[in-house]
Amino acid sequence: MKNIPIRRIKGQNEPQLSGSFTIRDITPLLLEKDMIQELHRHDFYYILVVKKGTGSHEIDFTTYDVNDHTVFMMRPGQVHQLALKANSTGYLIQFKTDFLYSHNSASQNHLTKLIQYNTYQLEPEGFAKIEGVLGEAIKEYTEKAKGYQEVLKANLSIFLIELLRQRQLKVMPAAQSSPYVQEKLEQFLELVEAKCTTHKQVSQYTDLLHLSSYQLSAITKNLLNKTPSEIINDYLILEAKRQLLATSNQISQIAYNLGYEDASYFTRFFKKHTSASPEAFRQNSK
């Protein structure tokens, strides 16, 4: 079985930014020609900003429609496949973690909040603000005036701030939370991603976060409308799907990688949450 290919940022004649940041206008790539990308993953952050377009974008096995004024965000390791129709327009931003994080810690916090969602549908006015920032970034990237690398980092930070403002207005208007609550949610999600193969009980996370089970449940239900257990299980299923498609490992090996010594228990767990056995999922996704 063929592994899911991993793509890396190409230098594109940018010796000072090689492998760390790129931004481009996708319009020339789609002149009277569809863009079809097969299933793959990246080792960098990927932001697709669609000004005008149609198509479909599957991210971690969830399919989203491509519409005008849509922003797609992906963190390293997520798998996706993209189909953009000809004459679509927009921008593509790609960057490694260190590129943004070397700018300031606030940018890191903004990205952590935004990456909880893979897609944002913006109003025309909000999109126009974001496009203005991207236009300035492309100018800096093209002209390479003195200090342009730092200006690009600032442009990216401003882009994230503006997108976060749009999210607060549109995506979660009813879920008002304090900075403390938001921080605890982000810490929980980071811990789940890092430790879900060894920590499968909610109590293990509440101990690490110094929260009660009631407090953590209140946070996740208010901001994500999910229980902590659902979030842990969702990530385990997602990681299982990735390994089923990205490797040719036996089901027993994947179960072991995910912290299950009993492969039959893992199979029941997977089928309960997906209505398909791991082997059936792998075969149907080829």
# chains A, B, ... in the order shown; residues from 1 in each chain; ligands from 1
>>> residues_around(residues="stretch 79-95 of chain A", least_positions_apart="3", cutoff="7 Å", atoms="only C-alpha atoms", output="ChimeraX atom specification")
/A:20-27,30-41,44-60,99
>>> write_last_selection(atoms="N, CA and C atoms", output="mmCIF file, in the first residue's frame")
data_model
loop_
_atom_site.group_PDB
_atom_site.id
_atom_site.type_symbol
_atom_site.label_atom_id
_atom_site.label_comp_id
_atom_site.auth_asym_id
_atom_site.auth_seq_id
_atom_site.Cartn_x
_atom_site.Cartn_y
_atom_site.Cartn_z
ATOM 1 N N SER A 20 11.045 27.916 4.887
ATOM 2 C CA SER A 20 10.374 28.427 6.084
ATOM 3 C C SER A 20 9.110 29.218 5.788
ATOM 4 N N PHE A 21 9.004 29.863 4.607
ATOM 5 C CA PHE A 21 7.829 30.684 4.319
ATOM 6 C C PHE A 21 7.693 30.890 2.817
ATOM 7 N N THR A 22 6.452 30.787 2.334
ATOM 8 C CA THR A 22 6.133 31.201 0.971
ATOM 9 C C THR A 22 4.733 31.807 0.971
ATOM 10 N N ILE A 23 4.502 32.720 0.041
ATOM 11 C CA ILE A 23 3.167 33.250 -0.202
ATOM 12 C C ILE A 23 3.048 33.485 -1.700
ATOM 13 N N ARG A 24 1.902 33.148 -2.258
ATOM 14 C CA ARG A 24 1.738 33.332 -3.701
ATOM 15 C C ARG A 24 0.281 33.576 -4.046
ATOM 16 N N ASP A 25 0.089 34.222 -5.182
ATOM 17 C CA ASP A 25 -1.227 34.412 -5.772
ATOM 18 C C ASP A 25 -1.518 33.164 -6.593
ATOM 19 N N ILE A 26 -2.621 32.465 -6.304
ATOM 20 C CA ILE A 26 -2.906 31.216 -7.002
ATOM 21 C C ILE A 26 -3.605 31.430 -8.338
ATOM 22 N N THR A 27 -3.987 32.676 -8.640
ATOM 23 C CA THR A 27 -4.743 32.949 -9.862
ATOM 24 C C THR A 27 -4.051 32.423 -11.116
ATOM 25 N N LEU A 30 -4.570 28.721 -12.001
ATOM 26 C CA LEU A 30 -5.919 28.216 -12.271
ATOM 27 C C LEU A 30 -6.555 28.846 -13.504
ATOM 28 N N LEU A 31 -5.736 29.454 -14.353
ATOM 29 C CA LEU A 31 -6.265 30.044 -15.578
ATOM 30 C C LEU A 31 -6.701 28.942 -16.531
ATOM 31 N N GLU A 32 -8.013 28.768 -16.631
ATOM 32 C CA GLU A 32 -8.612 27.780 -17.543
ATOM 33 C C GLU A 32 -8.120 26.360 -17.260
ATOM 34 N N LYS A 33 -7.743 26.105 -16.008
ATOM 35 C CA LYS A 33 -7.250 24.780 -15.654
ATOM 36 C C LYS A 33 -7.602 24.457 -14.216
ATOM 37 N N ASP A 34 -8.211 23.298 -13.986
ATOM 38 C CA ASP A 34 -8.523 22.868 -12.624
ATOM 39 C C ASP A 34 -7.232 22.519 -11.877
ATOM 40 N N MET A 35 -7.275 22.670 -10.546
ATOM 41 C CA MET A 35 -6.180 22.206 -9.703
ATOM 42 C C MET A 35 -6.663 20.979 -8.945
ATOM 43 N N ILE A 36 -6.036 19.843 -9.182
ATOM 44 C CA ILE A 36 -6.408 18.591 -8.522
ATOM 45 C C ILE A 36 -5.186 18.090 -7.755
ATOM 46 N N GLN A 37 -5.311 17.977 -6.454
ATOM 47 C CA GLN A 37 -4.235 17.457 -5.617
ATOM 48 C C GLN A 37 -4.719 16.195 -4.918
ATOM 49 N N GLU A 38 -3.981 15.110 -5.080
ATOM 50 C CA GLU A 38 -4.326 13.856 -4.425
ATOM 51 C C GLU A 38 -3.983 13.923 -2.938
ATOM 52 N N LEU A 39 -4.428 12.915 -2.202
ATOM 53 C CA LEU A 39 -4.232 12.890 -0.760
ATOM 54 C C LEU A 39 -2.752 13.009 -0.401
ATOM 55 N N HIS A 40 -2.436 13.977 0.473
ATOM 56 C CA HIS A 40 -1.067 14.172 0.930
ATOM 57 C C HIS A 40 -1.097 14.923 2.247
ATOM 58 N N ARG A 41 0.069 15.119 2.841
ATOM 59 C CA ARG A 41 0.180 15.898 4.068
ATOM 60 C C ARG A 41 1.392 16.815 3.957
ATOM 61 N N PHE A 44 4.358 21.574 7.376
ATOM 62 C CA PHE A 44 4.287 23.007 7.647
ATOM 63 C C PHE A 44 2.829 23.447 7.763
ATOM 64 N N TYR A 45 2.606 24.665 8.228
ATOM 65 C CA TYR A 45 1.261 25.235 8.261
ATOM 66 C C TYR A 45 0.868 25.655 6.842
ATOM 67 N N TYR A 46 -0.393 25.443 6.525
ATOM 68 C CA TYR A 46 -0.895 25.668 5.163
ATOM 69 C C TYR A 46 -2.185 26.482 5.265
ATOM 70 N N ILE A 47 -2.210 27.647 4.633
ATOM 71 C CA ILE A 47 -3.407 28.492 4.643
ATOM 72 C C ILE A 47 -3.792 28.807 3.204
ATOM 73 N N LEU A 48 -4.959 28.352 2.795
ATOM 74 C CA LEU A 48 -5.496 28.630 1.467
ATOM 75 C C LEU A 48 -6.608 29.659 1.605
ATOM 76 N N VAL A 49 -6.443 30.790 0.946
ATOM 77 C CA VAL A 49 -7.415 31.885 1.016
ATOM 78 C C VAL A 49 -8.077 31.999 -0.353
ATOM 79 N N VAL A 50 -9.358 31.651 -0.446
ATOM 80 C CA VAL A 50 -10.073 31.650 -1.720
ATOM 81 C C VAL A 50 -10.906 32.920 -1.832
ATOM 82 N N LYS A 51 -10.542 33.764 -2.786
ATOM 83 C CA LYS A 51 -11.327 34.975 -3.039
ATOM 84 C C LYS A 51 -12.580 34.642 -3.852
ATOM 85 N N LYS A 52 -12.374 33.891 -4.918
ATOM 86 C CA LYS A 52 -13.475 33.469 -5.777
ATOM 87 C C LYS A 52 -13.182 32.054 -6.240
ATOM 88 N N GLY A 53 -14.131 31.162 -6.056
ATOM 89 C CA GLY A 53 -13.860 29.811 -6.516
ATOM 90 C C GLY A 53 -14.889 28.793 -6.079
ATOM 91 N N THR A 54 -14.795 27.622 -6.680
ATOM 92 C CA THR A 54 -15.648 26.492 -6.334
ATOM 93 C C THR A 54 -14.786 25.236 -6.340
ATOM 94 N N GLY A 55 -15.272 24.218 -5.679
ATOM 95 C CA GLY A 55 -14.556 22.957 -5.623
ATOM 96 C C GLY A 55 -14.816 22.260 -4.308
ATOM 97 N N SER A 56 -13.908 21.380 -3.926
ATOM 98 C CA SER A 56 -14.031 20.669 -2.656
ATOM 99 C C SER A 56 -12.650 20.516 -2.032
ATOM 100 N N HIS A 57 -12.642 20.469 -0.713
ATOM 101 C CA HIS A 57 -11.386 20.349 0.027
ATOM 102 C C HIS A 57 -11.628 19.375 1.175
ATOM 103 N N GLU A 58 -10.983 18.232 1.111
ATOM 104 C CA GLU A 58 -11.112 17.229 2.167
ATOM 105 C C GLU A 58 -9.924 17.334 3.110
ATOM 106 N N ILE A 59 -10.197 17.601 4.389
ATOM 107 C CA ILE A 59 -9.145 17.743 5.397
ATOM 108 C C ILE A 59 -9.415 16.744 6.512
ATOM 109 N N ASP A 60 -8.451 15.873 6.750
ATOM 110 C CA ASP A 60 -8.608 14.834 7.773
ATOM 111 C C ASP A 60 -9.949 14.121 7.645
ATOM 112 N N PHE A 99 9.155 30.079 11.863
ATOM 113 C CA PHE A 99 9.079 31.359 11.169
ATOM 114 C C PHE A 99 8.165 32.328 11.902
#
>>> residues_around(residues="stretch 117-123 of chain A", least_positions_apart="5", cutoff="7 Å", atoms="only C-alpha atoms", output="NGL selection string")
:A and (69-74)
>>> closest_residue(among="A:Val66, A:Leu245, A:Val181, A:Leu258", to="A:Pro5", atoms="only C-alpha atoms")
A:Leu245
>>> select_by_dssp(residues="stretch 38-169 of chain A", states="strand (DSSP E or B)", output="VMD selection string")
chain A and resid 38 to 42 45 to 52 55 to 59 62 to 66 70 to 74 79 to 84 89 to 95 119 to 121
>>> atom_distance(atom1="atom CA of A:Arg7", atom2="atom CA of A:Ser277")
29.0 Å
>>> residues_around(residues="A:Thr112", least_positions_apart="6", cutoff="10 Å", atoms="only C-alpha atoms", output="list in words")
Arg75, Ala106, Glu183, Glu186, Gln187, Leu189 and Glu190 of chain A
>>> write_last_selection(atoms="C-alpha atoms", output="mmCIF file, in the first residue's frame")
data_model
loop_
_atom_site.group_PDB
_atom_site.id
_atom_site.type_symbol
_atom_site.label_atom_id
_atom_site.label_comp_id
_atom_site.auth_asym_id
_atom_site.auth_seq_id
_atom_site.Cartn_x
_atom_site.Cartn_y
_atom_site.Cartn_z
ATOM 1 C CA ARG A 75 -1.491 22.417 10.842
ATOM 2 C CA ALA A 106 1.179 36.571 20.797
ATOM 3 C CA GLU A 183 -5.877 29.050 27.538
ATOM 4 C CA GLU A 186 -5.745 25.164 24.196
ATOM 5 C CA GLN A 187 -3.595 23.390 26.769
ATOM 6 C CA LEU A 189 -6.062 20.133 23.060
ATOM 7 C CA GLU A 190 -2.266 20.256 22.912
#
>>> closest_residue(among="A:Glu261, A:Glu193, A:Asp207, A:Glu143", to="A:Tyr235", atoms="only C-alpha atoms")
A:Glu193
>>> closest_residue(among="A:Ala218, A:Ile138, A:Leu224, A:Ala154", to="A:Lys113", atoms="only C-alpha atoms")
A:Leu224
>>> atom_distance(atom1="atom CA of A:Gln215", atom2="atom CA of A:Ser107")
27.1 Å
>>> closest_residue(among="A:Leu164, A:Val192, A:Leu134, A:Val202", to="A:Tyr214", atoms="only C-alpha atoms")
A:Val202
